[in-house]
Structures are given as structure tokens and as C-alpha cells.
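Have a look at coords-v1.txt below; it lists compact mmCIF, C-alpha atoms and all ligand atoms.
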```
# COMPACT_ATOMS: atom_id res chain seq x y z
CA MET H 1 20.11 -65.40 -14.16
CA LEU H 2 20.06 -61.91 -12.70
CA ASP H 3 21.80 -63.19 -9.56
CA GLN H 4 24.76 -64.31 -11.55
CA GLN H 5 24.84 -61.16 -13.65
CA ILE H 6 24.90 -59.06 -10.48
CA SER H 7 27.69 -60.99 -8.81
CA GLU H 8 29.85 -61.04 -11.98
CA LEU H 9 29.34 -57.37 -12.44
CA ALA H 10 30.22 -56.68 -8.84
CA SER H 11 33.44 -58.67 -8.97
CA GLN H 12 34.47 -57.13 -12.31
CA ALA H 13 33.86 -53.66 -10.97
CA GLU H 14 35.79 -54.43 -7.79
CA ALA H 15 38.71 -55.65 -9.85
CA ARG H 16 38.70 -52.45 -11.90
CA ILE H 17 38.60 -50.37 -8.74
CA ALA H 18 41.53 -52.28 -7.27
CA ALA H 19 43.53 -51.90 -10.49
CA ALA H 20 42.94 -48.14 -10.86
CA ARG H 21 46.12 -46.08 -10.67
CA SER H 22 44.54 -42.69 -10.12
CA ALA H 23 41.33 -41.05 -8.92
CA GLN H 24 40.53 -40.20 -12.55
CA GLU H 25 40.50 -43.89 -13.48
CA LEU H 26 37.79 -44.53 -10.86
CA GLU H 27 35.29 -42.11 -12.34
CA PRO H 28 34.38 -44.16 -15.50
CA VAL H 29 33.79 -47.22 -13.29
CA ARG H 30 31.33 -45.25 -11.20
CA VAL H 31 29.51 -43.89 -14.27
CA GLU H 32 29.30 -47.26 -16.08
CA VAL H 33 28.17 -49.25 -13.07
CA LEU H 34 26.39 -46.92 -10.66
CA GLY H 35 25.38 -44.10 -12.99
CA ARG H 36 21.77 -43.28 -13.91
CA LYS H 37 22.17 -45.13 -17.18
CA GLY H 38 24.65 -47.62 -15.69
CA VAL H 39 24.43 -51.40 -15.69
CA LEU H 40 22.89 -51.65 -12.24
CA ALA H 41 20.15 -49.24 -13.24
CA GLN H 42 19.38 -51.42 -16.24
CA ILE H 43 19.23 -54.54 -14.13
CA SER H 44 16.84 -52.87 -11.73
CA LYS H 45 14.57 -52.04 -14.70
CA GLU H 46 14.56 -55.68 -15.77
CA MET H 47 13.57 -56.67 -12.26
CA GLY H 48 10.07 -55.47 -13.08
CA LYS H 49 9.52 -58.65 -15.06
CA LEU H 50 10.17 -60.86 -12.06
CA ALA H 51 7.64 -62.42 -9.74
CA PRO H 52 7.11 -60.30 -6.58
CA GLU H 53 8.98 -62.54 -4.09
CA GLU H 54 11.85 -62.98 -6.60
CA ARG H 55 11.90 -59.25 -7.11
CA ALA H 56 12.35 -58.63 -3.38
CA ARG H 57 15.21 -61.11 -3.15
CA VAL H 58 17.06 -59.82 -6.24
CA GLY H 59 16.39 -56.23 -5.08
CA LYS H 60 18.23 -56.97 -1.86
CA LEU H 61 21.14 -58.48 -3.77
CA LEU H 62 21.24 -55.49 -6.06
CA ASN H 63 21.24 -53.03 -3.17
CA ALA H 64 23.96 -54.93 -1.37
CA ALA H 65 26.11 -54.93 -4.54
CA LYS H 66 25.47 -51.23 -5.05
CA GLN H 67 26.43 -50.38 -1.49
CA ALA H 68 29.55 -52.51 -1.64
CA LEU H 69 30.67 -50.82 -4.85
CA GLU H 70 29.98 -47.36 -3.51
CA GLU H 71 32.10 -48.14 -0.49
CA ALA H 72 34.88 -49.56 -2.62
CA LEU H 73 34.88 -46.46 -4.81
CA GLU H 74 34.92 -44.19 -1.77
CA ALA H 75 37.82 -46.12 -0.24
CA GLY H 76 39.70 -46.01 -3.55
CA LYS H 77 39.24 -42.27 -3.80
CA LYS H 78 40.47 -41.76 -0.26
CA ARG H 79 43.54 -43.88 -0.95
CA PHE H 80 44.51 -41.64 -3.87
CA GLU H 81 43.84 -38.45 -1.96
CA GLU H 82 46.07 -39.61 0.85
CA SER H 83 48.92 -40.59 -1.41
CA ALA H 84 48.63 -37.26 -3.30
CA LEU H 85 48.87 -35.44 0.01
CA ARG H 86 51.88 -37.53 1.01
CA ASP H 87 53.61 -36.73 -2.30
CA GLN H 88 52.90 -33.04 -1.84
CA LEU H 89 54.25 -33.04 1.70
CA ASP H 90 57.37 -34.84 0.56
CA ALA H 91 57.91 -32.35 -2.26
CA GLU H 92 57.33 -29.28 -0.11
CA TRP H 93 59.24 -30.47 2.89
CA VAL H 94 61.26 -27.78 4.61
CA ASP H 95 63.93 -28.31 7.21
CA VAL H 96 63.07 -25.62 9.70
CA THR H 97 66.20 -26.37 11.70
CA LEU H 98 68.52 -25.22 8.86
CA PRO H 99 70.15 -21.84 9.52
CA ALA H 100 68.42 -19.00 7.62
CA PRO H 101 70.40 -17.32 4.79
CA GLY H 102 70.09 -13.94 6.53
CA PRO H 103 70.40 -10.46 4.99
CA ARG H 104 73.33 -9.89 2.62
CA PRO H 105 75.49 -7.22 4.22
CA GLY H 106 76.45 -4.40 1.88
CA SER H 107 79.67 -2.44 1.95
CA LEU H 108 80.82 1.03 1.03
CA HIS H 109 82.05 1.64 -2.50
CA PRO H 110 85.88 1.69 -2.60
CA VAL H 111 85.76 5.33 -3.75
CA SER H 112 83.61 6.25 -0.73
CA GLN H 113 85.94 4.35 1.59
CA MET H 114 89.00 6.16 0.30
CA GLN H 115 87.17 9.51 0.32
CA MET H 116 86.20 9.08 3.98
CA GLU H 117 89.75 8.12 4.94
CA ILE H 118 91.17 11.21 3.26
CA GLU H 119 88.47 13.43 4.80
CA ASP H 120 89.35 12.10 8.27
CA LEU H 121 93.02 12.79 7.67
CA PHE H 122 92.49 16.37 6.50
CA VAL H 123 89.97 17.13 9.23
CA SER H 124 92.63 16.05 11.73
CA LEU H 125 94.95 18.58 10.06
CA GLY H 126 92.45 21.42 10.50
CA PHE H 127 90.81 21.41 7.06
CA MET H 128 87.07 21.89 6.42
CA VAL H 129 85.26 19.54 4.07
CA LEU H 130 83.23 21.58 1.56
CA ASP H 131 80.65 20.55 -0.98
CA GLY H 132 79.71 22.29 -4.22
CA PRO H 133 77.18 21.86 -7.02
CA GLU H 134 77.78 19.40 -9.87
CA VAL H 135 75.93 21.74 -12.22
CA GLU H 136 78.23 24.76 -12.11
CA THR H 137 78.38 28.18 -13.63
CA GLU H 138 80.92 28.89 -16.31
CA TYR H 139 82.21 31.60 -13.96
CA HIS H 140 83.08 29.24 -11.08
CA ASN H 141 84.38 26.42 -13.28
CA PHE H 142 86.56 28.64 -15.52
CA ASP H 143 86.59 32.46 -15.28
CA ALA H 144 87.22 32.74 -11.54
CA LEU H 145 90.03 30.19 -11.90
CA ASN H 146 91.86 32.52 -14.23
CA ILE H 147 90.63 30.70 -17.34
CA PRO H 148 88.93 33.42 -19.44
CA PRO H 149 86.66 32.50 -22.40
CA GLU H 150 89.33 32.32 -25.12
CA HIS H 151 91.92 30.57 -22.95
CA PRO H 152 93.29 27.37 -24.56
CA ALA H 153 93.06 25.56 -21.19
CA ARG H 154 89.29 25.37 -21.74
CA ASP H 155 89.82 23.03 -24.67
CA ALA H 156 91.86 20.67 -22.51
CA GLN H 157 88.78 19.98 -20.40
CA ASP H 158 86.15 18.50 -22.66
CA THR H 159 83.05 20.08 -21.22
CA PHE H 160 79.44 19.01 -21.10
CA TRP H 161 77.81 22.37 -21.76
CA LEU H 162 74.31 23.10 -20.49
CA THR H 163 72.16 26.12 -21.27
CA GLY H 164 72.23 29.53 -19.61
CA GLY H 165 75.95 29.68 -18.83
CA HIS H 166 75.85 26.38 -16.94
CA LEU H 167 77.91 23.23 -17.36
CA LEU H 168 78.71 19.98 -15.61
CA ARG H 169 81.78 20.82 -13.55
CA THR H 170 84.93 19.46 -15.16
CA HIS H 171 86.90 19.51 -11.91
CA THR H 172 86.41 20.20 -8.19
CA SER H 173 88.38 23.47 -8.41
CA PRO H 174 85.20 25.64 -8.56
CA VAL H 175 84.65 24.67 -4.91
CA GLN H 176 87.90 26.58 -4.13
CA VAL H 177 86.22 29.67 -5.51
CA ARG H 178 83.04 29.05 -3.52
CA GLY H 179 85.16 28.51 -0.40
CA MET H 180 86.96 31.83 -0.89
CA GLU H 181 83.64 33.61 -1.51
CA ARG H 182 82.21 32.29 1.73
CA PHE H 183 85.11 32.25 4.19
CA GLN H 184 87.86 34.67 5.10
CA PRO H 185 91.48 33.55 5.22
CA PRO H 186 93.22 31.82 6.87
CA LEU H 187 91.42 29.02 5.13
CA ARG H 188 92.00 25.27 4.88
CA MET H 189 89.54 23.21 2.89
CA ILE H 190 89.13 20.07 0.87
CA ALA H 191 86.28 19.38 -1.55
CA PRO H 192 85.62 15.80 -2.63
CA GLY H 193 83.19 15.27 -5.48
CA ARG H 194 82.06 13.95 -8.79
CA VAL H 195 83.29 15.58 -11.98
CA PHE H 196 82.39 15.13 -15.65
CA ARG H 197 84.32 15.20 -18.91
CA ASN H 198 82.90 14.84 -22.38
CA GLU H 199 85.35 12.22 -23.61
CA SER H 200 85.04 8.77 -25.07
CA VAL H 201 85.07 6.02 -22.51
CA ASP H 202 87.77 3.36 -22.43
CA ALA H 203 89.71 1.38 -19.81
CA SER H 204 91.42 4.50 -18.50
CA HIS H 205 88.85 7.25 -19.25
CA ASP H 206 85.34 7.67 -17.96
CA HIS H 207 82.92 10.56 -18.47
CA THR H 208 82.32 10.63 -14.71
CA PHE H 209 84.92 10.29 -11.99
CA TYR H 210 85.90 11.61 -8.57
CA GLN H 211 88.43 14.19 -7.43
CA ILE H 212 89.38 15.77 -4.14
CA GLU H 213 90.30 19.41 -4.29
CA GLY H 214 92.46 20.87 -1.56
CA MET H 215 93.38 24.45 -0.71
CA MET H 216 95.17 26.21 2.08
CA ILE H 217 95.42 30.01 2.31
CA ASP H 218 97.51 31.60 5.01
CA ARG H 219 100.49 33.93 5.37
CA ASP H 220 103.79 32.89 3.77
CA VAL H 221 102.64 29.52 2.48
CA SER H 222 105.46 27.86 0.51
CA VAL H 223 106.08 24.85 -1.69
CA ALA H 224 107.59 23.19 1.41
CA HIS H 225 104.15 23.33 3.09
CA LEU H 226 102.54 21.88 0.00
CA LEU H 227 105.08 19.04 -0.07
CA TYR H 228 104.59 18.30 3.62
CA PHE H 229 100.81 17.92 3.24
CA MET H 230 101.12 15.87 0.06
CA LYS H 231 103.64 13.48 1.62
CA THR H 232 101.44 13.07 4.69
CA LEU H 233 98.44 12.40 2.48
CA LEU H 234 100.20 9.84 0.30
CA SER H 235 101.83 7.87 3.08
CA GLU H 236 98.40 7.63 4.70
CA VAL H 237 96.76 6.45 1.48
CA PHE H 238 99.45 3.92 0.60
CA ARG H 239 100.18 3.07 4.23
CA ARG H 240 103.94 3.47 3.85
CA GLU H 241 106.58 6.16 3.29
CA VAL H 242 106.53 7.48 -0.25
CA THR H 243 109.18 9.42 -2.12
CA VAL H 244 107.83 12.30 -4.19
CA ARG H 245 109.20 14.72 -6.75
CA LEU H 246 107.80 17.83 -8.41
CA ARG H 247 107.90 18.58 -12.10
CA PRO H 248 106.66 21.79 -13.64
CA GLY H 249 103.01 21.60 -14.72
CA PHE H 250 100.72 24.22 -16.17
CA PHE H 251 97.31 25.18 -14.76
CA PRO H 252 96.14 28.81 -15.05
CA PHE H 253 95.00 28.85 -11.40
CA VAL H 254 98.41 27.98 -9.89
CA GLU H 255 101.79 29.66 -10.22
CA PRO H 256 104.16 27.91 -10.04
CA GLY H 257 102.23 24.77 -11.03
CA PHE H 258 103.52 21.23 -10.59
CA GLU H 259 102.89 17.64 -11.42
CA LEU H 260 103.69 15.63 -8.33
CA ASP H 261 105.11 12.17 -9.01
CA ILE H 262 105.66 9.35 -6.54
CA GLN H 263 108.42 6.83 -6.75
CA CYS H 264 106.89 3.68 -8.22
CA LEU H 265 105.50 1.51 -5.42
CA ILE H 266 105.75 -1.63 -7.51
CA CYS H 267 109.47 -1.59 -8.33
CA GLY H 268 110.69 0.94 -5.75
CA GLY H 269 112.11 3.16 -8.48
CA THR H 270 114.24 0.70 -10.44
CA GLY H 271 111.83 0.62 -13.41
CA CYS H 272 108.96 -1.72 -14.33
CA PRO H 273 106.03 -1.87 -16.77
CA VAL H 274 103.72 0.02 -14.37
CA CYS H 275 105.99 3.09 -14.31
CA LYS H 276 107.03 2.51 -17.93
CA GLN H 277 110.62 1.90 -16.72
CA SER H 278 110.91 5.47 -15.42
CA GLY H 279 110.74 4.63 -11.70
CA TRP H 280 108.10 7.40 -11.20
CA VAL H 281 104.32 7.56 -11.46
CA GLU H 282 102.50 10.84 -12.13
CA LEU H 283 99.98 11.30 -9.35
CA LEU H 284 98.56 14.72 -8.73
CA PRO H 285 98.68 18.27 -10.03
CA CYS H 286 99.22 21.08 -7.55
CA GLY H 287 100.87 24.46 -7.07
CA LEU H 288 100.77 27.80 -5.31
CA VAL H 289 97.51 29.65 -5.85
CA ASN H 290 97.82 32.21 -8.64
CA PRO H 291 97.48 35.76 -7.18
CA ASN H 292 94.83 36.50 -9.84
CA VAL H 293 92.63 33.75 -8.44
CA LEU H 294 92.86 35.24 -4.95
CA ARG H 295 92.16 38.72 -6.26
CA ILE H 296 89.10 37.62 -8.29
CA SER H 297 87.54 36.19 -5.13
CA GLY H 298 88.33 39.27 -3.04
CA ILE H 299 91.44 38.09 -1.19
CA ASP H 300 94.43 40.44 -1.10
CA PRO H 301 97.42 38.60 -2.60
CA GLU H 302 99.79 41.05 -0.91
CA LYS H 303 98.69 39.67 2.46
CA TRP H 304 97.76 36.08 1.73
CA ASN H 305 98.94 33.22 -0.39
CA GLY H 306 98.31 29.50 -0.53
CA PHE H 307 98.61 26.16 -2.22
CA ALA H 308 96.05 24.02 -4.05
CA PHE H 309 95.99 20.45 -5.29
CA GLY H 310 93.65 18.27 -7.32
CA LEU H 311 93.68 14.65 -6.33
CA GLY H 312 92.30 12.11 -8.78
CA LEU H 313 90.37 10.04 -6.25
CA THR H 314 89.20 7.46 -8.77
CA ARG H 315 92.73 7.06 -10.06
CA LEU H 316 94.10 6.66 -6.55
CA VAL H 317 91.58 3.89 -5.80
CA MET H 318 92.66 2.12 -9.00
CA MET H 319 96.31 2.33 -7.93
CA ARG H 320 95.65 1.13 -4.42
CA TYR H 321 93.76 -1.98 -5.51
CA GLY H 322 95.47 -2.61 -8.86
CA ILE H 323 92.19 -2.06 -10.81
CA ASP H 324 93.04 -1.81 -14.50
CA ASP H 325 89.66 -0.77 -15.93
CA ILE H 326 88.07 2.47 -14.72
CA ARG H 327 84.66 1.41 -16.04
CA LEU H 328 84.33 -1.21 -13.28
CA LEU H 329 84.02 1.53 -10.67
CA GLN H 330 80.70 2.83 -11.99
CA SER H 331 79.42 -0.48 -13.32
CA GLY H 332 77.33 -1.40 -10.27
CA ASP H 333 78.54 -4.97 -10.87
CA LEU H 334 78.14 -6.86 -7.58
CA ARG H 335 80.89 -9.33 -8.47
CA PHE H 336 83.26 -6.36 -8.45
CA LEU H 337 81.76 -4.46 -5.52
CA GLU H 338 81.55 -7.43 -3.17
CA GLN H 339 85.33 -7.53 -3.03
CA PHE H 340 85.51 -4.37 -0.94
N1 LIG U 401 91.57 21.10 -11.36
C1 LIG U 401 92.68 20.49 -12.05
C2 LIG U 401 92.17 19.42 -12.98
O1 LIG U 401 91.21 18.74 -12.69
C3 LIG U 401 93.67 19.90 -11.10
C4 LIG U 401 94.36 20.90 -10.21
C5 LIG U 401 93.80 21.28 -9.03
C6 LIG U 401 95.61 21.41 -10.56
C7 LIG U 401 94.45 22.20 -8.20
C8 LIG U 401 96.27 22.27 -9.74
C9 LIG U 401 95.71 22.67 -8.57
O2 LIG U 401 92.71 19.22 -14.03
```

Take the structure in the file and write it out as C-alpha cells.
Ligand code: PHE
Amino acid sequence: MLDQQISELASQAEARIAAARSAQELEPVRVEVLGRKGVLAQISKEMGKLAPEERARVGKLLNAAKQALEEALEAGKKRFEESALRDQLDAEWVDVTLPAPGPRPGSLHPVSQMQMEIEDLFVSLGFMVLDGPEVETEYHNFDALNIPPEHPARDAQDTFWLTGGHLLRTHTSPVQVRGMERFQPPLRMIAPGRVFRNESVDASHDHTFYQIEGMMIDRDVSVAHLLYFMKTLLSEVFRREVTVRLRPGFFPFVEPGFELDIQCLICGGTGCPVCKQSGWVELLPCGLVNPNVLRISGIDPEKWNGFAFGLGLTRLVMMRYGIDDIRLLQSGDLRFLEQF
């Protein structure tokens, strides 16, 4: 009786082991059959009722069945472990022969690129490149440029005022003043830098943008000198000959003051939407340095005179690349920046 029970049990258990689809499904088989309260344990209890020689024989059978099942369970477990490992290796497979992605090369911001080009040009023409603080004194930003406190020109430059007579510079012109304070004429300098205006932001206005200030002080400087340097600058920037014209413009620190226009590079002067059909595009303000400005900074206007200009660097970059929204330049958007 027990013989048959043992062999049936063994074959049932073997079938369950063979049919298991995961290591988890093996565990209940082990508990039910081989466990401390499992079927084999029960059978071995019942063996006590048998005659001694019977008991020995059935005991052997029982042990053999137990060992066989233990081995089958062990083999089953191993099978699942191996296939799990194979799955994992397949999933995590890496082709080490593929080329590595490598570091993503960066590039200089288009404003920096243009700034460096213009610096190189002016250095080759004997100009120094000067730097000045972005937090300026009211004196350097306005008074010393012949813009006294009640002057209406102050309203034209929407200023971010700070405390203690300080402000965020509204233009790079204060660096002219610092240049004149530090160096004796003859003097040739440019001053690239960031400037700030308290105005609402839209496609053509930003609160922060870049200018390059330029100034030359020498003996008998004329508008012809100014024009020569401006034409050299612009043909370098646009990489072709440009035609320029001067219109009167008002800035308290220059006299006479001009707005310099270039003939439209899109239509060549015949009229198009970019130049609003006029054939000309307003590009940069400039003029001969007002004698008051020289005098304020301790330079004798009877002996020296000069020209100054204020280049809108941000605007120039927009023109060169046809960028129609100024906000892109400070956006930090990689989709934009990667194009340069
Ligand atoms: N500083 C002036 C501005 O930003 C520009 C300028 C510079 C005009 C030098 C004339 C001469 O508005």
C-alpha cells in the first residue's frame, strides 16, 4: 500500500516540477511534499506501524523518492536561474564596438563672436579695448557726458536706478569718461559691454543688450576720420563694401551728432520691407565729442578733439544673421545657440 502511495506521489511531484514555469511555482511543491508537515513526512510516521523488515524496505523506498525529488527540485531551480540570467544578459547587452557619442562641443555666443571680431579689427587700427563697471555712478553715466540732472535726455534712457547715486549703466559711454580720466590724449579706445534699460520686453526690445563704444581723441579729428573708421568697421562686419550716409542726430555728448545709416543690404537701396522702402537702414549713432565732455574730464578742447560712436552690438548680430526676435539672444535656448 505504502509502496504505491510513494511511487504515485513521486511521479505526481515530478510532473508538477516539470510543468513549473518559474522558480516561485517550485516552492509549494517542495513544501507540500518534502516539508516538515509534508506528505513524505506523514508517510514516514505511518511506517511505524509496519513490521521491522517491511519498515526497512519502505524506508529505503521513501529515502530514494525523497532524494530524487530533492534533485529534481534543485535542477528545476537551476534551470530557472540560468534562463533569468540569460534574459538579463540579453536585455543589458551593450555593443562595445559602437563609436562613443563623445563630448558635445560648445561654441561661442554669436554676440561674443562678433565682439571679438570687432575688437581684433580695432586693435589692428591702434585702439585699446577698455572695460568698465556695469553698476555705474550717475556721474559717469550722465553728468560727465554733458547730461545734467534736469536734462530731458535722461528720460530717453529708461534707467534702472540703484541706491547711493548708482545705476545700471544705460550705455557704454561712461567708459569713454573712465578712459579720459585714466589716459592722456592722443587716445583711441573701444569699450564693448552689457547695458541695461528699464523698458518692457518685446521682439525688438530687451532690458539687457550689448553695445560697443568707440572714441578717438587726437589733434584735428574730423567727420571724415569718423566716416573712414565707420566704413572700415561696417565692411568688415558685413564682409562687403557698404554705402553710408549721415543724418543729424542729437546726443548731448557729441556736437555735431549723427545717425549713421547704411544702404539696405537686402535690396541694395531700391526699397524693400526691411528698409521700409526707404533704401536705408539706421545703424549707429556717432559724432564729434562735445568740447564740454572733454573739459569735464580734464582734456583741453582747444588742443584736442575727437569722435565717438555707439554701436548696437546686439542689433548688428540680429542684422547679420537675420534674427527677428531679440529675446532669443539671451534665452539660453540650445536649439538657437547650436546654430552658431
Ligand atoms: N551712448 C549712446 C546711446 O546708447 C550712443 C552714442 C554713443 C551716441 C556715442 C553718440 C556717440 O544711446

| query | Which is closer to H:Asp300 than all the others in H:His205, H:Arg104, H:His225, H:Arg219, using all atoms listed in the file? | reply |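 So, comparing all the options, the nearest one is H:Arg219.
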
| query | Which one is closest to H:Pro252: H:Gly298, H:Gly179, H:Pro105, H:Pro148? Count all atoms listed in the file. | reply |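 Residue with the minimum atom-to-atom distance to H:Pro252: H:Pro148.
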
| request: Please identify every polymer residue within 8 Å of ligand LIG 401 (chain U), using only C-alpha atoms and all ligand atoms, and present the set as a PyMOL selection string. | output: chain H and resi 157+170-173+211+213-215+251+253-254+257-258+284-289+307-312

| query | Which residue gives the smallest distance to H:Arg295 among H:Ala64, H:Val317, H:Met180, H:Met116, with all atoms listed in the file counted? | reply |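 Comparing H:Ala64, H:Val317, H:Met180, H:Met116 against H:Arg295, the winner is H:Met180.
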
| task | Have a look at H:Arg21, H:Lys66, H:Arg188, H:His207 and name the one nearest to H:Ile43; count all atoms listed in the file. | result |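 Under the stated criterion, the closest residue is H:Lys66.
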
| message | Between atom CA of H:Lys77 and atom CA of H:Ser22, what is the distance in Å, rounded to a tenth? | response |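 Computing the Euclidean distance for atom CA of H:Lys77 and atom CA of H:Ser22 yields 8.3 Å.
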
| message | Just to confirm, what's the straight-line distance from atom CA of H:Val123 to atom CA of H:Ala191 in Å (one decimal)? | response |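 Distance reported for this atom pair: 11.6 Å.
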
| said: To one decimal place in Å, what is the distance between atom CA of H:Asp220 and atom CA of H:Leu187? | reply: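 Taking atom CA of H:Asp220 and atom CA of H:Leu187, their separation equals 13.0 Å.
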
Can you write out as CSV which residues of stretch 216-299 of chain H fall within 10 Å of stretch 319-340 of chain H, alongside each residue's closest atom pair and its distance in Å to one decimal, counting only C-alpha atoms and ordering rows by chain and ascending residue number?
```
residue,atom,partner,partner_atom,distance
H:Val237,CA,H:Arg320,CA,8.0
H:Phe238,CA,H:Arg320,CA,6.9
H:Arg239,CA,H:Arg320,CA,10.0
H:Leu265,CA,H:Met319,CA,9.6
H:Leu283,CA,H:Met319,CA,9.8
```

| Which is closest to H:Ser297 among H:Glu199, H:Glu53, H:Glu81, H:Glu181, if we use all atoms listed in the file? |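 Checking each candidate against H:Ser297, we get H:Glu181 as the closest.
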
| Using all atoms listed in the file, what residues lie at most 9 Å away from (80.0, 25.8, -10.0) (file coordinates), given as a PyMOL selection string? | chain H and resi 132-141+166-169+172-175+177-178

| For H:Glu282, the nearest of the candidates H:Ala156, H:Leu313, H:Leu246, H:Leu162, counting only C-alpha atoms |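 Closest to H:Glu282 of all the choices is H:Leu246.
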
| task | Excluding stretch 8-19 of chain H and residues on its chain fewer than 3 positions from it, collect all residues at most 9 Å away from it, counting only C-alpha atoms, and give them as number ranges by chain. | result | H: 3-5, 25-26, 29-30, 33, 39-40, 65-66, 68-69, 72-73, 76

Output as a compact mmCIF listing (two decimals), keeping the file's coordinate frame: stretch 144-156 of chain H, completed with N, CA, C and O atoms.
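Written out: result.txt:
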```
# COMPACT_ATOMS: atom_id res chain seq x y z
N ALA H 144 86.67 32.39 -12.85
CA ALA H 144 87.22 32.74 -11.54
C ALA H 144 88.50 31.97 -11.24
O ALA H 144 89.20 32.28 -10.28
N LEU H 145 88.79 30.95 -12.07
CA LEU H 145 90.03 30.19 -11.90
C LEU H 145 91.08 30.68 -12.90
O LEU H 145 92.00 29.94 -13.27
N ASN H 146 90.88 31.92 -13.34
CA ASN H 146 91.86 32.52 -14.23
C ASN H 146 91.89 31.84 -15.60
O ASN H 146 92.94 31.76 -16.25
N ILE H 147 90.74 31.30 -16.01
CA ILE H 147 90.63 30.70 -17.34
C ILE H 147 89.55 31.48 -18.11
O ILE H 147 88.39 31.09 -18.14
N PRO H 148 89.92 32.61 -18.72
CA PRO H 148 88.93 33.42 -19.44
C PRO H 148 88.43 32.70 -20.70
O PRO H 148 89.02 31.69 -21.10
N PRO H 149 87.34 33.21 -21.30
CA PRO H 149 86.66 32.50 -22.40
C PRO H 149 87.57 31.99 -23.52
O PRO H 149 87.38 30.87 -23.98
N GLU H 150 88.54 32.79 -23.97
CA GLU H 150 89.33 32.32 -25.12
C GLU H 150 90.57 31.54 -24.72
O GLU H 150 91.37 31.17 -25.56
N HIS H 151 90.70 31.23 -23.42
CA HIS H 151 91.92 30.57 -22.95
C HIS H 151 92.00 29.12 -23.47
O HIS H 151 91.03 28.37 -23.39
N PRO H 152 93.17 28.73 -24.02
CA PRO H 152 93.29 27.37 -24.56
C PRO H 152 93.07 26.28 -23.51
O PRO H 152 92.70 25.15 -23.87
N ALA H 153 93.25 26.58 -22.22
CA ALA H 153 93.06 25.56 -21.19
C ALA H 153 91.62 25.05 -21.17
O ALA H 153 91.34 23.95 -20.69
N ARG H 154 90.68 25.84 -21.70
CA ARG H 154 89.29 25.37 -21.74
C ARG H 154 89.13 24.17 -22.65
O ARG H 154 88.33 23.28 -22.39
N ASP H 155 89.92 24.15 -23.73
CA ASP H 155 89.82 23.03 -24.67
C ASP H 155 90.33 21.73 -24.06
O ASP H 155 89.92 20.65 -24.44
N ALA H 156 91.27 21.88 -23.11
CA ALA H 156 91.86 20.67 -22.51
C ALA H 156 90.84 19.94 -21.65
O ALA H 156 91.00 18.76 -21.36
```
